[in-house]
$ cat upload_33.csv   # CSV, C-alpha atoms
chain,number,residue,atom,x,y,z
A,264,MET,CA,81.6,134.8,113.4
A,265,ALA,CA,82.4,134.8,109.7
A,266,ALA,CA,85.4,137.0,110.4
A,267,ILE,CA,86.8,134.6,113.0
A,268,LEU,CA,86.3,131.7,110.5
A,269,ASP,CA,88.1,133.7,107.8
A,270,PHE,CA,90.9,134.3,110.2
A,271,VAL,CA,91.2,130.6,111.0
A,272,ILE,CA,91.2,129.7,107.3
A,273,ALA,CA,93.8,132.3,106.5
A,274,PHE,CA,96.0,131.1,109.4
A,275,LEU,CA,95.7,127.4,108.3
A,276,ILE,CA,96.6,128.4,104.7
A,277,VAL,CA,99.7,130.3,105.8
A,278,LEU,CA,100.7,127.5,108.3
A,279,GLY,CA,100.3,125.0,105.5
A,280,GLY,CA,102.4,127.0,103.1
A,281,ALA,CA,105.1,127.6,105.8
A,282,PHE,CA,105.3,123.9,106.7
A,283,ALA,CA,105.6,122.9,103.0
A,284,LEU,CA,108.4,125.4,102.6
A,285,ILE,CA,110.2,124.2,105.8
A,286,GLY,CA,109.9,120.5,104.7
A,287,SER,CA,111.5,121.3,101.4
A,288,TRP,CA,114.1,123.5,103.0
A,289,GLY,CA,115.0,120.5,105.1
A,290,LEU,CA,115.2,118.3,102.0
A,291,ALA,CA,117.6,120.8,100.4
A,292,ARG,CA,119.9,121.5,103.4
A,293,LEU,CA,120.2,118.4,105.6
A,294,PRO,CA,123.4,116.5,105.1
A,295,ALA,CA,122.5,112.8,104.8
A,296,LEU,CA,119.7,111.0,102.9
A,297,MET,CA,118.3,109.4,106.0
A,298,SER,CA,118.0,112.9,107.7
A,299,ARG,CA,116.5,114.4,104.6
A,300,LEU,CA,113.7,111.8,104.8
A,301,HIS,CA,112.4,113.5,108.0
A,302,GLY,CA,111.6,116.8,106.4
A,303,PRO,CA,109.2,115.7,103.6
A,304,THR,CA,107.5,112.9,105.5
A,305,LYS,CA,106.4,115.1,108.3
A,306,ALA,CA,106.5,118.8,107.5
A,307,THR,CA,105.2,118.6,103.9
A,308,THR,CA,102.4,116.2,104.9
A,309,LEU,CA,101.2,118.6,107.6
A,310,GLY,CA,101.6,121.4,105.1
A,311,VAL,CA,99.2,119.8,102.6
A,312,GLY,CA,97.0,118.8,105.6
A,313,GLY,CA,96.7,122.4,106.7
A,314,CYS,CA,95.7,123.5,103.1
A,315,LEU,CA,93.1,120.8,102.9
A,316,ILE,CA,91.5,121.6,106.3
A,317,ALA,CA,91.4,125.2,105.2
A,318,SER,CA,89.6,124.3,102.0
A,319,MET,CA,87.2,122.1,103.9
A,320,LEU,CA,86.3,125.1,106.0
A,321,TYR,CA,86.4,127.6,103.2
A,322,PHE,CA,83.9,126.1,100.7
A,323,PRO,CA,80.9,125.6,103.2
A,324,SER,CA,81.5,129.0,104.8
A,325,HIS,CA,81.4,130.8,101.5
A,326,GLY,CA,78.1,129.3,100.3
A,327,MET,CA,79.6,126.6,98.1
A,328,SER,CA,79.0,122.9,98.4
A,329,TRP,CA,81.3,120.8,100.6
A,330,SER,CA,83.5,118.4,98.7
A,331,ALA,CA,84.5,115.0,100.3
A,332,HIS,CA,87.5,114.8,98.1
A,333,GLU,CA,89.6,117.0,100.5
A,334,LEU,CA,89.0,114.5,103.3
A,335,LEU,CA,89.9,111.6,100.9
A,336,ILE,CA,93.2,113.3,99.8
A,337,THR,CA,94.1,114.0,103.5
A,338,LEU,CA,93.5,110.4,104.5
A,339,PHE,CA,95.3,109.1,101.4
A,340,LEU,CA,98.4,111.3,102.0
A,341,PHE,CA,98.6,110.4,105.7
A,342,ILE,CA,98.4,106.7,104.9
A,343,THR,CA,100.9,106.7,102.0
A,344,ALA,CA,103.5,109.1,103.5
A,345,PRO,CA,105.0,106.4,105.9
A,346,ILE,CA,104.9,103.8,103.2
A,347,SER,CA,106.8,105.8,100.6
A,348,ALA,CA,109.3,107.0,103.3
A,349,ASN,CA,109.8,103.3,104.2
A,350,MET,CA,110.4,102.3,100.6
A,351,ILE,CA,112.9,105.2,100.1
A,352,ALA,CA,114.7,104.2,103.4
A,353,LYS,CA,115.0,100.6,102.2
A,354,ALA,CA,116.4,101.8,98.9
A,355,CYS,CA,118.9,104.0,100.9
A,356,ILE,CA,120.2,101.2,103.2
A,357,HIS,CA,120.3,98.8,100.2
A,358,GLY,CA,122.3,101.3,98.2
A,359,ARG,CA,124.9,102.1,100.9
A,360,HIS,CA,127.6,100.0,99.3
A,361,VAL,CA,126.7,101.1,95.8
A,362,TYR,CA,127.0,104.8,96.4
A,363,GLY,CA,129.9,104.6,98.8
A,364,ASP,CA,131.7,107.9,99.4
A,365,ALA,CA,128.7,110.1,98.2
A,366,VAL,CA,126.7,109.1,101.3
A,367,ALA,CA,129.3,107.8,103.8
A,368,LYS,CA,130.4,111.2,104.9
A,369,TYR,CA,127.5,112.0,107.1
A,370,GLU,CA,125.8,108.6,107.5
A,371,VAL,CA,125.9,106.8,110.7
A,372,PRO,CA,126.9,103.1,110.3
A,373,LEU,CA,124.0,100.7,110.3
A,374,PRO,CA,123.7,98.5,113.4
A,375,ARG,CA,123.4,94.7,113.2
A,376,PRO,CA,120.2,93.1,114.4
A,377,PRO,CA,120.9,91.9,118.0
A,378,HIS,CA,119.9,88.3,117.2
A,379,PRO,CA,122.9,86.4,115.8
A,380,ASP,CA,121.0,84.6,112.9
A,381,ALA,CA,118.9,87.6,111.9
A,382,GLU,CA,119.6,90.1,109.2
A,383,TRP,CA,117.7,93.2,108.2
A,384,ALA,CA,114.9,92.2,105.8
A,385,THR,CA,116.3,94.3,102.9
A,386,PHE,CA,119.4,92.1,102.9
A,387,GLY,CA,118.0,88.8,103.9
A,388,SER,CA,115.2,86.5,102.7
A,389,THR,CA,111.8,88.0,103.3
A,390,GLU,CA,110.2,84.6,103.9
A,391,ALA,CA,111.8,84.4,107.3
A,392,ALA,CA,110.4,87.8,108.3
A,393,LYS,CA,106.9,86.5,109.0
A,394,PRO,CA,106.3,86.0,112.7
A,395,GLU,CA,105.5,82.5,113.9
B,100,MET,CA,92.4,138.4,104.4
B,101,ILE,CA,92.2,135.1,102.7
B,102,ASP,CA,93.5,136.5,99.5
B,103,VAL,CA,96.7,137.8,101.2
B,104,ALA,CA,97.1,134.4,102.9
B,105,LEU,CA,96.7,132.6,99.6
B,106,THR,CA,99.4,134.8,98.0
B,107,ILE,CA,101.8,134.1,100.8
B,108,ALA,CA,101.2,130.4,100.8
B,109,LEU,CA,101.4,130.1,97.0
B,110,THR,CA,104.7,131.9,97.1
B,111,CYS,CA,106.0,129.6,99.9
B,112,ILE,CA,105.0,126.5,97.9
B,113,ALA,CA,106.6,127.9,94.7
B,114,LEU,CA,109.8,128.4,96.6
B,115,ALA,CA,109.5,124.8,98.0
B,116,VAL,CA,109.2,123.4,94.5
B,117,VAL,CA,112.3,125.3,93.5
B,118,LEU,CA,114.2,123.8,96.5
B,119,ASN,CA,112.9,120.3,95.5
B,120,LEU,CA,114.1,120.9,92.0
B,121,TYR,CA,117.6,121.8,93.4
B,122,ARG,CA,117.7,118.5,95.2
B,123,LEU,CA,116.4,116.7,92.2
B,124,LEU,CA,119.2,118.0,90.0
B,125,ARG,CA,121.9,117.9,92.6
B,126,GLY,CA,121.3,114.3,93.8
B,127,PRO,CA,123.8,113.0,94.7
B,128,THR,CA,122.2,109.5,94.8
B,129,ALA,CA,119.1,108.0,93.2
B,130,PRO,CA,117.1,107.7,96.4
B,131,ASP,CA,117.6,111.4,96.9
B,132,ARG,CA,116.1,112.1,93.5
B,133,ILE,CA,113.1,109.8,94.3
B,134,LEU,CA,112.5,111.7,97.5
B,135,ALA,CA,112.7,115.0,95.8
B,136,LEU,CA,110.2,113.9,93.2
B,137,ASP,CA,107.9,112.6,95.9
B,138,THR,CA,108.0,115.9,97.8
B,139,MET,CA,107.4,117.7,94.5
B,140,VAL,CA,104.2,115.8,93.9
B,141,ILE,CA,103.0,116.6,97.5
B,142,ASN,CA,103.8,120.3,96.9
B,143,ALA,CA,102.0,120.2,93.6
B,144,ILE,CA,98.9,118.8,95.4
B,145,ALA,CA,99.0,121.7,97.8
B,146,LEU,CA,99.5,124.1,94.9
B,147,ILE,CA,96.4,122.7,93.1
B,148,ILE,CA,94.3,122.9,96.3
B,149,LEU,CA,95.3,126.5,97.0
B,150,PHE,CA,94.6,127.4,93.4
B,151,GLY,CA,91.1,125.8,93.7
B,152,ILE,CA,90.4,128.0,96.8
B,153,ARG,CA,91.5,131.0,94.9
B,154,GLU,CA,89.3,130.3,91.9
B,155,GLY,CA,86.4,129.3,94.2
B,156,THR,CA,85.8,125.9,92.5
B,157,THR,CA,86.1,122.3,93.7
B,158,VAL,CA,86.7,120.7,90.3
B,159,TYR,CA,90.5,120.9,90.8
B,160,PHE,CA,90.3,118.4,93.7
B,161,GLU,CA,89.8,115.5,91.4
B,162,ALA,CA,93.1,116.4,89.7
B,163,ALA,CA,94.7,116.6,93.2
B,164,LEU,CA,93.3,113.2,94.1
B,165,LEU,CA,94.6,111.6,90.9
B,166,LEU,CA,98.0,113.2,91.5
B,167,ALA,CA,98.2,111.9,95.1
B,168,MET,CA,97.5,108.3,93.8
B,169,VAL,CA,99.8,108.4,90.8
B,170,GLY,CA,102.6,110.1,92.8
B,171,PHE,CA,102.5,107.4,95.5
B,172,VAL,CA,102.5,104.5,93.0
B,173,GLY,CA,105.4,106.2,91.1
B,174,THR,CA,107.5,106.6,94.3
B,175,VAL,CA,106.9,103.0,95.3
B,176,ALA,CA,107.7,101.8,91.8
B,177,TYR,CA,111.0,103.8,91.6
B,178,ALA,CA,112.1,102.6,95.0
B,179,LYS,CA,111.2,99.0,94.2
B,180,PHE,CA,113.2,99.2,91.0
B,181,LEU,CA,116.2,100.4,92.9
B,182,LEU,CA,115.8,97.7,95.5
B,183,ARG,CA,115.3,94.7,93.2
B,184,GLY,CA,116.1,95.9,89.7
B,185,ASP,CA,112.6,94.9,88.8
B,186,ILE,CA,109.1,96.4,89.6
B,187,VAL,CA,106.8,93.4,89.4
B,188,GLU,CA,108.5,90.2,90.7
C,183,MET,CA,78.8,85.4,107.3
C,184,ARG,CA,82.4,84.8,108.0
C,185,ARG,CA,83.0,83.4,104.5
C,186,LEU,CA,81.1,86.2,102.8
C,187,PHE,CA,83.0,88.9,104.7
C,188,PRO,CA,86.5,87.6,105.5
C,189,HIS,CA,87.7,91.1,106.5
C,190,PRO,CA,84.8,93.3,107.8
C,191,GLY,CA,87.2,96.2,108.5
C,192,LEU,CA,88.3,96.2,104.9
C,193,THR,CA,84.7,96.0,103.7
C,194,LEU,CA,83.7,99.0,105.8
C,195,LEU,CA,86.8,101.0,104.6
C,196,LEU,CA,86.0,100.3,101.0
C,197,VAL,CA,82.4,101.4,101.3
C,198,VAL,CA,83.4,104.6,103.1
C,199,MET,CA,86.1,105.3,100.5
C,200,TRP,CA,83.6,104.7,97.6
C,201,MET,CA,81.1,107.1,99.1
C,202,LEU,CA,83.8,109.7,99.6
C,203,VAL,CA,85.0,109.3,95.9
C,204,LEU,CA,81.4,109.7,94.7
C,205,ASN,CA,81.0,112.8,96.8
C,206,GLU,CA,77.3,112.3,97.4
C,207,LEU,CA,75.0,110.3,99.7
C,208,SER,CA,72.9,108.0,97.6
C,209,VAL,CA,71.4,104.5,97.9
C,210,GLY,CA,72.8,103.5,94.5
C,211,GLY,CA,76.3,104.6,95.4
C,212,PHE,CA,76.1,102.8,98.8
C,213,LEU,CA,74.9,99.6,97.1
C,214,LEU,CA,77.7,99.7,94.5
C,215,GLY,CA,80.2,100.4,97.3
C,216,LEU,CA,78.9,97.4,99.2
C,217,PHE,CA,79.2,95.3,96.1
C,218,PHE,CA,82.9,96.2,95.7
C,219,GLY,CA,83.4,96.0,99.5
C,220,THR,CA,82.2,92.4,99.4
C,221,LEU,CA,83.9,91.4,96.2
C,222,VAL,CA,87.4,92.8,96.8
C,223,PRO,CA,88.0,91.1,100.2
C,224,LEU,CA,86.6,87.8,98.7
C,225,PHE,CA,89.1,87.9,95.8
C,226,THR,CA,92.0,89.1,97.9
C,227,ALA,CA,91.4,86.7,100.8
C,228,PRO,CA,93.9,84.1,99.4
C,229,PHE,CA,96.7,86.7,99.9
C,230,TRP,CA,95.6,87.5,103.5
C,231,PRO,CA,94.2,84.2,104.9
C,232,GLU,CA,94.0,85.0,108.6
C,233,ARG,CA,91.7,87.6,110.0
C,234,PRO,CA,93.9,90.2,111.8
C,235,PRO,CA,93.5,89.9,115.5
C,236,VAL,CA,92.4,93.5,115.8
C,237,ARG,CA,89.7,94.7,118.3
C,238,TYR,CA,87.6,97.6,117.1
C,239,GLY,CA,86.6,99.9,119.9
C,240,TRP,CA,87.6,102.7,122.2
C,241,PRO,CA,91.4,101.9,122.5
C,242,LEU,CA,91.7,102.1,118.7
C,243,ILE,CA,90.0,105.5,118.5
C,244,ALA,CA,92.1,106.8,121.5
C,245,TYR,CA,95.2,105.6,119.7
C,246,GLY,CA,94.2,107.4,116.6
C,247,LEU,CA,93.6,110.7,118.5
C,248,LEU,CA,97.0,110.3,120.3
C,249,VAL,CA,98.8,109.8,117.0
C,250,ILE,CA,97.1,112.8,115.4
C,251,GLY,CA,98.2,115.0,118.4
C,252,ASP,CA,101.7,113.6,118.2
C,253,ILE,CA,101.9,114.3,114.5
C,254,ILE,CA,101.2,118.0,115.1
C,255,VAL,CA,103.8,118.2,118.0
C,256,ALA,CA,106.3,116.3,115.8
C,257,ASN,CA,105.9,118.8,113.0
C,258,PHE,CA,106.8,121.7,115.2
C,259,GLN,CA,109.8,119.8,116.6
C,260,VAL,CA,111.1,118.8,113.2
C,261,ALA,CA,110.5,122.4,111.9
C,262,ARG,CA,112.6,123.8,114.8
C,263,LEU,CA,115.4,121.3,114.0
C,264,ILE,CA,115.4,122.1,110.3
C,265,LEU,CA,115.3,125.9,110.8
C,266,PHE,CA,117.6,126.4,113.8
C,267,CYS,CA,119.9,123.4,114.2
C,268,ARG,CA,123.3,123.4,112.5
C,269,ASN,CA,124.2,120.2,110.6
C,270,ARG,CA,127.1,119.3,112.8
C,271,ASP,CA,124.9,119.6,115.9
C,272,LEU,CA,122.4,117.0,114.7
C,273,ARG,CA,122.8,113.8,116.6
C,274,SER,CA,121.3,111.3,114.0
C,275,CYS,CA,121.5,107.7,115.0
C,276,TRP,CA,119.9,104.3,114.2
C,277,LEU,CA,117.7,102.7,116.8
C,278,SER,CA,116.9,99.0,117.0
C,279,ILE,CA,113.6,98.5,118.7
C,280,PRO,CA,112.9,95.0,120.2
C,281,LEU,CA,109.3,94.1,119.4
C,282,ASP,CA,106.8,92.4,121.7
C,283,LEU,CA,104.0,92.5,119.2
C,284,GLN,CA,103.0,89.4,117.4
C,285,SER,CA,101.1,90.0,114.1
C,286,ALA,CA,102.3,91.6,110.9
C,287,GLU,CA,99.4,94.0,110.9
C,288,ALA,CA,100.6,95.3,114.3
C,289,PHE,CA,104.1,95.8,113.0
C,290,THR,CA,102.8,97.8,110.1
C,291,VAL,CA,100.7,100.1,112.3
C,292,LEU,CA,103.7,100.6,114.7
C,293,ALA,CA,106.0,101.4,111.8
C,294,GLY,CA,103.6,103.8,110.3
C,295,THR,CA,103.1,105.6,113.6
C,296,ILE,CA,106.9,105.8,114.1
C,297,SER,CA,107.3,107.3,110.6
C,298,LEU,CA,104.7,110.0,111.3
C,299,THR,CA,105.8,111.1,114.8
C,300,PRO,CA,108.7,113.0,116.4
C,301,GLY,CA,112.0,112.8,114.5
C,302,THR,CA,111.9,109.1,113.7
C,303,VAL,CA,111.5,107.1,110.5
C,304,SER,CA,111.1,103.4,110.5
C,305,ALA,CA,113.4,101.8,107.9
C,306,ASP,CA,113.4,98.0,108.1
C,307,ILE,CA,112.5,94.9,110.1
C,308,SER,CA,114.9,92.1,111.0
C,309,THR,CA,114.4,88.8,109.2
C,310,ASP,CA,113.2,87.0,112.4
C,311,GLY,CA,110.6,89.8,112.9
C,312,ARG,CA,111.7,90.7,116.4
C,313,HIS,CA,113.5,94.0,115.8
C,314,LEU,CA,112.5,97.2,114.0
C,315,LEU,CA,115.2,99.5,112.5
C,316,VAL,CA,114.4,103.1,113.1
C,317,HIS,CA,116.3,106.3,112.1
C,318,ALA,CA,116.2,109.2,114.6
C,319,LEU,CA,117.0,112.7,113.4
C,320,ASP,CA,118.2,114.1,116.7
C,321,THR,CA,118.5,112.1,120.0
C,322,SER,CA,120.6,112.7,123.0
C,323,ASP,CA,119.8,109.4,124.5
C,324,PRO,CA,118.9,106.5,122.1
C,325,GLU,CA,118.0,104.1,125.0
C,326,ALA,CA,115.4,106.6,126.4
C,327,GLU,CA,114.0,107.1,122.9
C,328,VAL,CA,113.5,103.3,122.4
C,329,ALA,CA,111.9,103.1,125.9
C,330,ARG,CA,109.6,106.0,125.0
C,331,ILE,CA,108.4,104.5,121.8
C,332,LYS,CA,107.8,101.2,123.5
C,333,ALA,CA,105.9,102.7,126.4
C,334,ARG,CA,103.9,105.2,124.3
C,335,TYR,CA,102.9,103.3,121.2
C,336,GLU,CA,103.7,99.6,121.5
C,337,ARG,CA,102.0,99.2,124.9
C,338,ARG,CA,98.8,100.7,123.5
C,339,LEU,CA,99.0,98.5,120.3
C,340,MET,CA,99.4,95.4,122.5
C,341,GLU,CA,95.9,96.1,123.8
C,342,ILE,CA,94.4,96.6,120.3
C,343,PHE,CA,96.1,93.6,118.6
C,344,ARG,CA,95.9,90.4,120.5
$ encode --input "upload_33.csv" --output "structure tokens"
Amino acid sequence: MAAILDFVIAFLIVLGGAFALIGSWGLARLPALMSRLHGPTKATTLGVGGCLIASMLYFPSHGMSWSAHELLITLFLFITAPISANMIAKACIHGRHVYGDAVAKYEVPLPRPPHPDAEWATFGSTEAAKPE
Amino acid sequence: MIDVALTIALTCIALAVVLNLYRLLRGPTAPDRILALDTMVINAIALIILFGIREGTTVYFEAALLLAMVGFVGTVAYAKFLLRGDIVE
Amino acid sequence: MRRLFPHPGLTLLLVVMWMLVLNELSVGGFLLGLFFGTLVPLFTAPFWPERPPVRYGWPLIAYGLLVIGDIIVANFQVARLILFCRNRDLRSCWLSIPLDLQSAEAFTVLAGTISLTPGTVSADISTDGRHLLVHALDTSDPEAEVARIKARYERRLMEIFR
């Protein structure tokens, strides 16, 4: 039983490390900023998640006390990852005209919102973004 | 078995931090660098946790928790600064 | 009751978080958590006047499980794209998703879900609050992707937020 648990823990640790590496590899090699966002927000988060689940299993199974902080870190990372990705995406679409040629090569042009009076909230007034 | 797994994972994450460092130095734009820093913080959290498992102690988790919070606030503040030229409006 | 606890969900979340930070089950910790859980929603209520129209129950739990499953699948898909797909073969594009949801809380949950699941990151919302701007890493058919997101996540959220 203990051997199976050890195997699961080792598998999760290696999986976590591999995903962290893949996410960072994506960050280094993908061509455009918006594509690069995909690697860290998903792969790296699951990488850390794997390490945290492994440690949640490891400490009780090796006779040490269970720590709730792992669970807290996992929750916190999964809640904050979309928010920081969203903020960086906003900074990116806001900066399209500022950075110009450095990003234009691989970026797909931004679509207009289908409604004629509407604009994306980064460019327009945020007051109007509230639903009725 | 867990020792071998830990060595592999620590090597992977060290390589990941090097890749993030490459993106941080290379840019080319400011949001790229913010993203690289954000990823680096997440990798540092993973590094701390794996080190905690290796040492067999849970005291490092508090450092990881603090890093998770400070890293998130830092990322949002940087992005907000780029967006508005100001952090607190 | 309603005036003392303007956001019961937030109160519960704060108590659970406080207990997790303390890392022990004790009456004193629970009471202090309850104290903060009452005080924080009371003082922040002016920023968040209406109670979000969320229904706590089975659909919410089922949605959470669905999203966790999708996150794991998403990670393998994105890992495959990063490792084995050449840059010029990536068909990145922007999607503009028309929204049927009504409340700001529902938009937030949908945007967070989209960011965590297969090959999509939500970037922005239109000023009239009727369209969500989403970036997809690799799609062969943008229309089908929009339909999939609407059918898989938005329809379920419509049942939770009403």
$ interface_residues --input "upload_33.csv" --of "chain B" --to "chain A" --cutoff "8 Å" --atoms "all atoms listed in the file" --output "PyMOL selection string"
chain B and resi 100-101+104-105+107-109+111-112+114-116+118-119+121-122+127-128+130-131+133-135+138+141-142+144-145+148-149+152+155+157+160-161+163-164+167-168+171+174-175+178-179+181-182
$ interface_residues --input "upload_33.csv" --of "chain C" --to "chain A" --cutoff "8 Å" --atoms "all atoms listed in the file" --output "PyMOL selection string"
chain C and resi 199+202-203+205+253-254+256-257+260-261+264-265+269+274-276+278+284-286+293-295+297-299+301-311+313+317+319
$ atom_distance --input "upload_33.csv" --atom1 "atom CA of Leu196 of chain C" --atom2 "atom CA of Phe225 of chain C"
13.8 Å
$ closest_residue --input "upload_33.csv" --among "B:Leu123, B:Val158, B:Val117, B:Ile147" --to "chain C" --atoms "all atoms listed in the file"
B:Val158
$ residues_around --input "upload_33.csv" --residues "Ser322 of chain C" --least-positions-apart "5" --cutoff "12 Å" --atoms "all atoms listed in the file" --output "PDB file with C-alpha atoms, in the coordinates of the input"
ATOM      1  CA  ASP C 271     124.900 119.600 115.900  1.00  0.00           C
ATOM      2  CA  LEU C 272     122.400 117.000 114.700  1.00  0.00           C
ATOM      3  CA  ARG C 273     122.800 113.800 116.600  1.00  0.00           C
ATOM      4  CA  SER C 274     121.300 111.300 114.000  1.00  0.00           C
ATOM      5  CA  CYS C 275     121.500 107.700 115.000  1.00  0.00           C
ATOM      6  CA  GLU C 327     114.000 107.100 122.900  1.00  0.00           C
ATOM      7  CA  VAL C 328     113.500 103.300 122.400  1.00  0.00           C
TER       8      VAL C 328
END
$ closest_residue --input "upload_33.csv" --among "B:Val103, B:Val140, B:Leu165, B:Val172" --to "chain C" --atoms "all atoms listed in the file"
B:Leu165
$ closest_residue --input "upload_33.csv" --among "B:Arg125, B:Thr110, B:Leu136, B:Ala143" --to "Leu166 of chain B" --atoms "all atoms listed in the file"
B:Ala143
$ residues_around --input "upload_33.csv" --residues "Ala227 of chain C" --least-positions-apart "6" --cutoff "10 Å" --atoms "all atoms listed in the file" --output "list in words"
Arg185, Phe187, Pro188, His189, Leu221 and Arg233 of chain C
